[in-house]
$ cat run_27.csv   # CSV, C-alpha atoms
chain,number,residue,atom,x,y,z
J,1,MET,CA,34.0,116.9,108.4
J,2,SER,CA,33.7,120.7,108.8
J,3,ALA,CA,31.0,122.1,111.0
J,4,VAL,CA,27.8,123.5,109.5
J,5,PRO,CA,28.1,127.3,109.4
J,6,GLU,CA,25.6,129.5,111.2
J,7,PHE,CA,22.6,130.8,109.3
J,8,PRO,CA,23.5,134.4,108.2
J,9,PHE,CA,22.1,137.3,110.1
J,10,VAL,CA,21.1,139.2,107.0
J,11,ALA,CA,19.2,136.2,105.6
J,12,VAL,CA,16.7,136.0,108.5
J,13,VAL,CA,13.3,137.0,107.2
J,14,GLY,CA,11.4,139.7,109.1
J,15,GLN,CA,12.0,140.4,112.8
J,16,PRO,CA,13.0,144.1,112.3
J,17,ALA,CA,12.6,145.1,115.9
J,18,LEU,CA,14.7,142.2,117.2
J,19,LYS,CA,17.4,142.8,114.6
J,20,THR,CA,17.6,146.5,115.5
J,21,ALA,CA,17.8,145.6,119.3
J,22,LEU,CA,20.7,143.2,118.7
J,23,LEU,CA,22.6,145.6,116.4
J,24,LEU,CA,22.2,148.4,119.0
J,25,SER,CA,23.6,146.1,121.7
J,26,VAL,CA,26.7,145.6,119.5
J,27,VAL,CA,27.1,149.3,118.7
J,28,ASP,CA,27.0,150.2,122.4
J,29,PRO,CA,27.3,147.3,124.9
J,30,ARG,CA,26.6,149.7,127.7
J,31,LEU,CA,22.9,149.4,126.8
J,32,GLY,CA,22.9,146.2,128.9
J,33,GLY,CA,22.1,143.5,126.4
J,34,VAL,CA,18.9,142.1,124.9
J,35,LEU,CA,16.1,139.8,126.3
J,36,ILE,CA,14.1,138.1,123.5
J,37,SER,CA,10.7,136.8,124.6
J,38,GLY,CA,8.6,134.7,122.2
J,39,PRO,CA,7.3,131.3,121.3
J,40,LYS,CA,9.3,128.5,119.8
J,41,GLY,CA,10.0,128.8,116.1
J,42,SER,CA,10.3,132.6,116.1
J,43,ALA,CA,14.1,132.7,115.1
J,44,LYS,CA,15.2,133.9,118.6
J,45,SER,CA,18.1,131.5,118.9
J,46,THR,CA,19.0,131.7,115.2
J,47,LEU,CA,19.4,135.5,115.3
J,48,ALA,CA,21.3,135.5,118.6
J,49,ARG,CA,23.8,133.0,117.3
J,50,ALA,CA,24.1,134.6,113.9
J,51,LEU,CA,25.0,137.9,115.5
J,52,ALA,CA,28.5,136.6,116.4
J,53,GLU,CA,29.4,136.3,112.7
J,54,ILE,CA,29.0,140.1,112.1
J,55,LEU,CA,30.7,141.4,115.2
J,56,PRO,CA,33.5,143.9,114.2
J,57,ARG,CA,37.0,142.7,115.0
J,58,ASP,CA,39.0,144.3,117.7
J,59,ALA,CA,42.3,146.3,117.4
J,60,GLU,CA,44.2,143.0,117.2
J,61,GLY,CA,42.0,141.6,114.4
J,62,ARG,CA,40.2,139.2,116.6
J,63,ARG,CA,36.4,138.7,116.4
J,64,PRO,CA,34.7,138.8,119.8
J,65,SER,CA,33.3,135.5,121.0
J,66,LEU,CA,29.7,134.4,121.5
J,67,VAL,CA,29.8,132.1,124.5
J,68,THR,CA,26.7,130.0,125.4
J,69,LEU,CA,25.8,129.4,129.0
J,70,PRO,CA,24.0,126.0,129.2
J,71,LEU,CA,21.2,125.6,131.8
J,72,GLY,CA,23.0,122.7,133.3
J,73,ALA,CA,26.4,124.4,133.7
J,74,SER,CA,28.1,124.2,137.1
J,75,GLU,CA,29.2,127.3,139.1
J,76,GLU,CA,32.8,126.3,138.4
J,77,ARG,CA,32.2,126.2,134.7
J,78,LEU,CA,30.7,129.7,134.7
J,79,THR,CA,33.2,131.4,137.0
J,80,GLY,CA,36.3,129.3,136.5
J,81,SER,CA,38.2,127.1,139.0
J,82,LEU,CA,41.5,125.7,140.1
J,83,ASP,CA,43.3,123.9,137.3
J,84,LEU,CA,43.6,120.5,138.9
J,85,GLN,CA,45.8,119.0,136.1
J,86,ARG,CA,48.4,121.7,136.7
J,87,VAL,CA,48.3,121.1,140.4
J,88,LEU,CA,48.8,117.4,140.0
J,89,ALA,CA,51.5,117.8,137.3
J,90,ASP,CA,53.8,120.4,139.0
J,91,GLY,CA,52.1,121.5,142.2
J,92,GLU,CA,51.3,124.9,140.8
J,93,ALA,CA,48.0,126.5,141.6
J,94,ARG,CA,46.7,128.1,138.5
J,95,PHE,CA,43.3,129.5,137.5
J,96,GLN,CA,41.3,127.7,134.8
J,97,GLU,CA,39.1,130.1,132.9
J,98,GLY,CA,35.3,129.7,132.9
J,99,LEU,CA,32.7,130.9,130.6
J,100,LEU,CA,32.7,134.5,132.0
J,101,ALA,CA,36.4,134.9,131.0
J,102,ARG,CA,35.8,133.6,127.5
J,103,ALA,CA,32.8,136.0,127.1
J,104,HIS,CA,34.8,139.1,128.0
J,105,GLY,CA,34.6,141.7,125.3
J,106,GLY,CA,31.9,139.7,123.4
J,107,LEU,CA,28.5,138.1,123.9
J,108,LEU,CA,27.2,135.8,126.6
J,109,TYR,CA,24.1,133.9,125.3
J,110,VAL,CA,21.6,132.1,127.5
J,111,ASP,CA,18.8,130.2,125.9
J,112,GLU,CA,15.7,129.7,128.1
J,113,VAL,CA,17.2,132.2,130.5
J,114,ASN,CA,14.0,132.1,132.6
J,115,LEU,CA,14.9,128.5,133.5
J,116,LEU,CA,18.4,129.3,134.6
J,117,PRO,CA,19.1,127.9,138.2
J,118,ASP,CA,19.0,130.6,140.9
J,119,ALA,CA,22.6,130.0,141.9
J,120,LEU,CA,23.8,130.8,138.4
J,121,VAL,CA,21.5,133.8,138.2
J,122,ASP,CA,23.0,135.2,141.4
J,123,LEU,CA,26.5,134.8,140.1
J,124,LEU,CA,25.6,136.3,136.7
J,125,LEU,CA,24.0,139.3,138.4
J,126,ASP,CA,27.1,140.0,140.5
J,127,VAL,CA,29.4,139.9,137.6
J,128,ALA,CA,27.1,141.8,135.2
J,129,ALA,CA,26.8,144.6,137.7
J,130,SER,CA,30.5,145.0,138.5
J,131,GLY,CA,32.2,143.9,135.3
J,132,VAL,CA,34.6,141.8,137.4
J,133,ASN,CA,34.6,138.1,138.1
J,134,ARG,CA,36.1,137.2,141.5
J,135,VAL,CA,36.8,133.6,142.5
J,136,GLU,CA,37.7,132.5,146.0
J,137,ARG,CA,37.7,128.7,146.0
J,138,ASP,CA,40.0,125.8,146.9
J,139,GLY,CA,42.7,128.1,148.2
J,140,LEU,CA,42.6,130.1,145.0
J,141,SER,CA,42.0,133.8,144.9
J,142,HIS,CA,41.6,135.3,141.4
J,143,ALA,CA,39.9,138.2,139.7
J,144,HIS,CA,39.5,139.2,136.1
J,145,ALA,CA,37.5,141.6,133.9
J,146,ALA,CA,34.3,140.2,132.6
J,147,ARG,CA,32.4,142.7,130.5
J,148,PHE,CA,30.0,141.4,127.9
J,149,SER,CA,26.7,141.9,126.3
J,150,LEU,CA,24.1,139.6,127.7
J,151,ILE,CA,21.6,138.0,125.3
J,152,GLY,CA,18.8,135.9,126.7
J,153,THR,CA,16.0,134.1,125.0
J,154,MET,CA,12.9,132.8,126.7
J,155,ASN,CA,9.4,131.3,126.0
J,156,PRO,CA,7.0,133.1,128.4
J,157,ASP,CA,4.8,130.0,128.4
J,158,GLU,CA,7.6,128.2,130.3
J,159,GLY,CA,7.8,130.6,133.2
J,160,GLU,CA,8.7,134.1,134.2
J,161,LEU,CA,12.1,135.7,134.6
J,162,ARG,CA,13.3,136.8,138.0
J,163,PRO,CA,12.9,140.6,138.3
J,164,GLN,CA,16.5,141.1,139.4
J,165,LEU,CA,17.7,139.4,136.2
J,166,LEU,CA,15.1,141.2,134.1
J,167,ASP,CA,16.6,144.5,135.3
J,168,ARG,CA,20.0,143.6,133.8
J,169,PHE,CA,18.7,143.7,130.2
J,170,GLY,CA,18.7,147.1,128.7
J,171,LEU,CA,16.4,146.1,125.8
J,172,CYS,CA,13.5,143.6,125.6
J,173,VAL,CA,11.8,142.4,122.5
J,174,GLU,CA,8.5,140.6,122.6
J,175,GLN,CA,7.8,138.6,119.5
J,176,ALA,CA,4.5,138.0,117.9
J,177,ALA,CA,3.1,134.5,118.1
J,178,SER,CA,3.0,133.8,114.4
J,179,PRO,CA,4.1,135.6,111.2
J,180,GLY,CA,1.8,136.1,108.3
J,181,VAL,CA,1.4,133.6,105.5
J,182,ALA,CA,3.7,135.4,103.0
J,183,GLU,CA,6.5,135.7,105.7
J,184,ARG,CA,6.2,132.0,106.6
J,185,VAL,CA,6.6,131.0,103.0
J,186,ALA,CA,9.7,133.2,102.7
J,187,ILE,CA,11.1,131.8,105.9
J,188,LEU,CA,10.7,128.2,104.6
J,189,ARG,CA,12.3,129.0,101.3
J,190,GLN,CA,15.3,130.5,103.0
J,191,ARG,CA,15.6,127.6,105.3
J,192,GLU,CA,15.3,125.0,102.5
J,193,ALA,CA,18.1,126.8,100.5
J,194,PHE,CA,20.4,126.8,103.6
J,195,ASP,CA,19.8,123.2,104.4
J,196,ARG,CA,20.4,122.2,100.7
J,197,ASP,CA,23.8,123.7,100.6
J,198,PRO,CA,24.8,125.7,103.8
J,199,ARG,CA,28.2,126.8,102.5
J,200,ALA,CA,26.9,128.1,99.2
J,201,PHE,CA,24.1,129.9,101.0
J,202,VAL,CA,26.5,131.6,103.4
J,203,ASP,CA,28.8,132.6,100.6
J,204,ALA,CA,25.9,134.2,98.7
J,205,HIS,CA,25.3,136.5,101.7
J,206,GLU,CA,29.0,137.1,102.5
J,207,ALA,CA,29.1,140.6,100.9
J,208,GLU,CA,26.0,141.8,102.7
J,209,GLN,CA,27.3,140.4,106.0
J,210,ALA,CA,30.6,142.2,105.5
J,211,ALA,CA,28.8,145.4,104.7
J,212,LEU,CA,26.8,145.2,107.9
J,213,THR,CA,29.9,144.5,109.9
J,214,ARG,CA,31.5,147.7,108.5
J,215,ARG,CA,28.4,149.7,109.3
J,216,LEU,CA,28.6,148.4,112.9
J,217,ALA,CA,32.2,149.4,113.2
J,218,GLU,CA,31.5,152.9,111.8
J,219,ALA,CA,28.5,153.3,114.2
J,220,ARG,CA,30.8,152.4,117.2
J,221,GLU,CA,33.1,155.2,116.1
$ encode --input "run_27.csv" --output "structure tokens"
Amino acid sequence: MSAVPEFPFVAVVGQPALKTALLLSVVDPRLGGVLISGPKGSAKSTLARALAEILPRDAEGRRPSLVTLPLGASEERLTGSLDLQRVLADGEARFQEGLLARAHGGLLYVDEVNLLPDALVDLLLDVAASGVNRVERDGLSHAHAARFSLIGTMNPDEGELRPQLLDRFGLCVEQAASPGVAERVAILRQREAFDRDPRAFVDAHEAEQAALTRRLAEARE
């Protein structure tokens, strides 16, 4: 059974400031990424994940990745580690990529970033500042480029974000607690149409999505 597609970026109702911030972070990753602060149900995660589907392809025709950093991830999963299977199979010490390597050139997404454990925050800060991930562990010494746009979402009611991590975001969007009645109705109608037939809904917005991708590529130029 095929996976359910992501809700299209262009189909999200409202949120003009948030959409603009996310699109700017794609046009120029040097801005430093986007922090989205708002209550549950304000389309924070939907827009962040939908952004990956409109990223312009690179020179080799590959679309950059959106990599999600789970709150419960280990340090090894984030930075990478020794490939134990390769060691056991042929005695060769080889680096096994972590989430930072996969996010290189794309987006690193952290939901509830304010709840991220301090150890992961420290690692993230080091790599975000230098653009390089260095691993010295288990007799392994490895370094690789790790440049990405950081996108974090948070509910301010669940705690504050560490100032050091807050400084890594170039843009911050604070969302209103609740949209108006007309906007809520439009949101529900879009969601119902998507849930009824996700593939048809995505196909109906394909041309608009493609046009936005072209605009992003032109803006980068």
$ atom_distance --input "run_27.csv" --atom1 "CA of Arg63 (chain J)" --atom2 "CA of Thr20 (chain J)"
20.4 Å
$ atom_distance --input "run_27.csv" --atom1 "CA of Gly80 (chain J)" --atom2 "CA of Gln96 (chain J)"
5.5 Å
$ closest_residue --input "run_27.csv" --among "J:Asp203, J:Glu208, J:Asp118, J:Glu136" --to "Leu165 (chain J)" --atoms "all atoms listed in the file"
J:Asp118
$ atom_distance --input "run_27.csv" --atom1 "CA of Leu140 (chain J)" --atom2 "CA of Ser65 (chain J)"
26.3 Å
$ closest_residue --input "run_27.csv" --among "J:Ala17, J:Ala48, J:Leu120, J:Val34" --to "Arg77 (chain J)" --atoms "all atoms listed in the file"
J:Leu120
$ residues_around --input "run_27.csv" --residues "Asn155 (chain J)" --least-positions-apart "5" --cutoff "8 Å" --atoms "all atoms listed in the file" --output "list in words"
Ser37, Gly38, Pro39, Lys40 and Glu112 of chain J
$ closest_residue --input "run_27.csv" --among "J:Val27, J:Leu115, J:Val135, J:Leu55" --to "Thr79 (chain J)" --atoms "all atoms listed in the file"
J:Val135
$ residues_around --input "run_27.csv" --residues "Ala101 (chain J)" --least-positions-apart "3" --cutoff "9 Å" --atoms "all atoms listed in the file" --output "count of residues only"
11
$ closest_residue --input "run_27.csv" --among "J:Leu24, J:Leu69, J:Leu18, J:Leu188" --to "Leu47 (chain J)" --atoms "all atoms listed in the file"
J:Leu18
$ closest_residue --input "run_27.csv" --among "J:Arg199, J:Pro29, J:Ala119, J:Pro8" --to "Glu76 (chain J)" --atoms "all atoms listed in the file"
J:Ala119
$ closest_residue --input "run_27.csv" --among "J:Arg102, J:Lys44, J:Arg168, J:Lys19" --to "Asp122 (chain J)" --atoms "only C-alpha atoms"
J:Arg168
$ residues_around --input "run_27.csv" --residues "Val12 (chain J)" --least-positions-apart "5" --cutoff "12 Å" --atoms "all atoms listed in the file" --output "list in words"
Glu6, Phe7, Leu18, Lys19, Ser42, Ala43, Lys44, Ser45, Thr46, Leu47, Ala48, Arg49, Ala50, Leu51, Glu183, Arg184, Ala186, Ile187, Leu188, Arg189, Gln190, Arg191, Phe194, Val202, His205 and Gln209 of chain J
$ residues_around --input "run_27.csv" --residues "Arg30 (chain J)" --least-positions-apart "2" --cutoff "12 Å" --atoms "all atoms listed in the file" --output "list in words"
Leu24, Ser25, Val26, Val27, Asp28, Gly32, Gly33, Val34, Gly105, Ala128, Ala129, Gly131, Arg147, Phe148, Ser149, Leu150, Arg168, Phe169, Gly170, Leu171 and Arg220 of chain J
$ build_atoms --input "run_27.csv" --residues "region 182-199 of chain J" --atoms "N, CA, C and O atoms" --output "CSV table (one decimal), keeping the file's coordinate frame"
chain,number,residue,atom,x,y,z
J,182,ALA,N,2.7,135.1,104.0
J,182,ALA,CA,3.7,135.4,103.0
J,182,ALA,C,5.1,135.3,103.7
J,182,ALA,O,6.1,134.8,103.1
J,183,GLU,N,5.2,135.8,104.9
J,183,GLU,CA,6.5,135.7,105.7
J,183,GLU,C,6.9,134.3,106.0
J,183,GLU,O,8.0,133.9,105.9
J,184,ARG,N,5.9,133.5,106.4
J,184,ARG,CA,6.2,132.0,106.6
J,184,ARG,C,6.7,131.3,105.4
J,184,ARG,O,7.7,130.5,105.5
J,185,VAL,N,6.1,131.6,104.2
J,185,VAL,CA,6.6,131.0,103.0
J,185,VAL,C,8.1,131.4,102.7
J,185,VAL,O,8.9,130.6,102.4
J,186,ALA,N,8.4,132.7,102.9
J,186,ALA,CA,9.7,133.2,102.7
J,186,ALA,C,10.7,132.6,103.7
J,186,ALA,O,11.8,132.3,103.3
J,187,ILE,N,10.3,132.4,104.9
J,187,ILE,CA,11.1,131.8,105.9
J,187,ILE,C,11.5,130.3,105.5
J,187,ILE,O,12.6,129.9,105.5
J,188,LEU,N,10.5,129.6,105.0
J,188,LEU,CA,10.7,128.2,104.6
J,188,LEU,C,11.6,128.1,103.4
J,188,LEU,O,12.5,127.2,103.4
J,189,ARG,N,11.4,129.0,102.5
J,189,ARG,CA,12.3,129.0,101.3
J,189,ARG,C,13.8,129.3,101.6
J,189,ARG,O,14.7,128.6,101.1
J,190,GLN,N,14.0,130.2,102.5
J,190,GLN,CA,15.3,130.5,103.0
J,190,GLN,C,15.9,129.3,103.7
J,190,GLN,O,17.1,129.0,103.5
J,191,ARG,N,15.1,128.7,104.5
J,191,ARG,CA,15.6,127.6,105.3
J,191,ARG,C,16.0,126.4,104.4
J,191,ARG,O,17.0,125.7,104.6
J,192,GLU,N,15.1,126.2,103.4
J,192,GLU,CA,15.3,125.0,102.5
J,192,GLU,C,16.6,125.3,101.7
J,192,GLU,O,17.4,124.3,101.5
J,193,ALA,N,16.8,126.5,101.3
J,193,ALA,CA,18.1,126.8,100.5
J,193,ALA,C,19.3,126.6,101.4
J,193,ALA,O,20.3,126.1,100.9
J,194,PHE,N,19.2,127.0,102.6
J,194,PHE,CA,20.4,126.8,103.6
J,194,PHE,C,20.6,125.3,103.8
J,194,PHE,O,21.8,124.9,103.8
J,195,ASP,N,19.6,124.6,104.1
J,195,ASP,CA,19.8,123.2,104.4
J,195,ASP,C,20.3,122.4,103.2
J,195,ASP,O,21.0,121.4,103.3
J,196,ARG,N,19.9,122.8,102.0
J,196,ARG,CA,20.4,122.2,100.7
J,196,ARG,C,21.9,122.3,100.5
J,196,ARG,O,22.6,121.4,100.1
J,197,ASP,N,22.4,123.5,100.8
J,197,ASP,CA,23.8,123.7,100.6
J,197,ASP,C,24.2,124.9,101.5
J,197,ASP,O,24.3,126.0,101.1
J,198,PRO,N,24.5,124.6,102.8
J,198,PRO,CA,24.8,125.7,103.8
J,198,PRO,C,26.0,126.6,103.4
J,198,PRO,O,25.9,127.8,103.5
J,199,ARG,N,27.1,126.0,102.9
J,199,ARG,CA,28.2,126.8,102.5
J,199,ARG,C,27.9,127.8,101.4
J,199,ARG,O,28.3,128.9,101.4
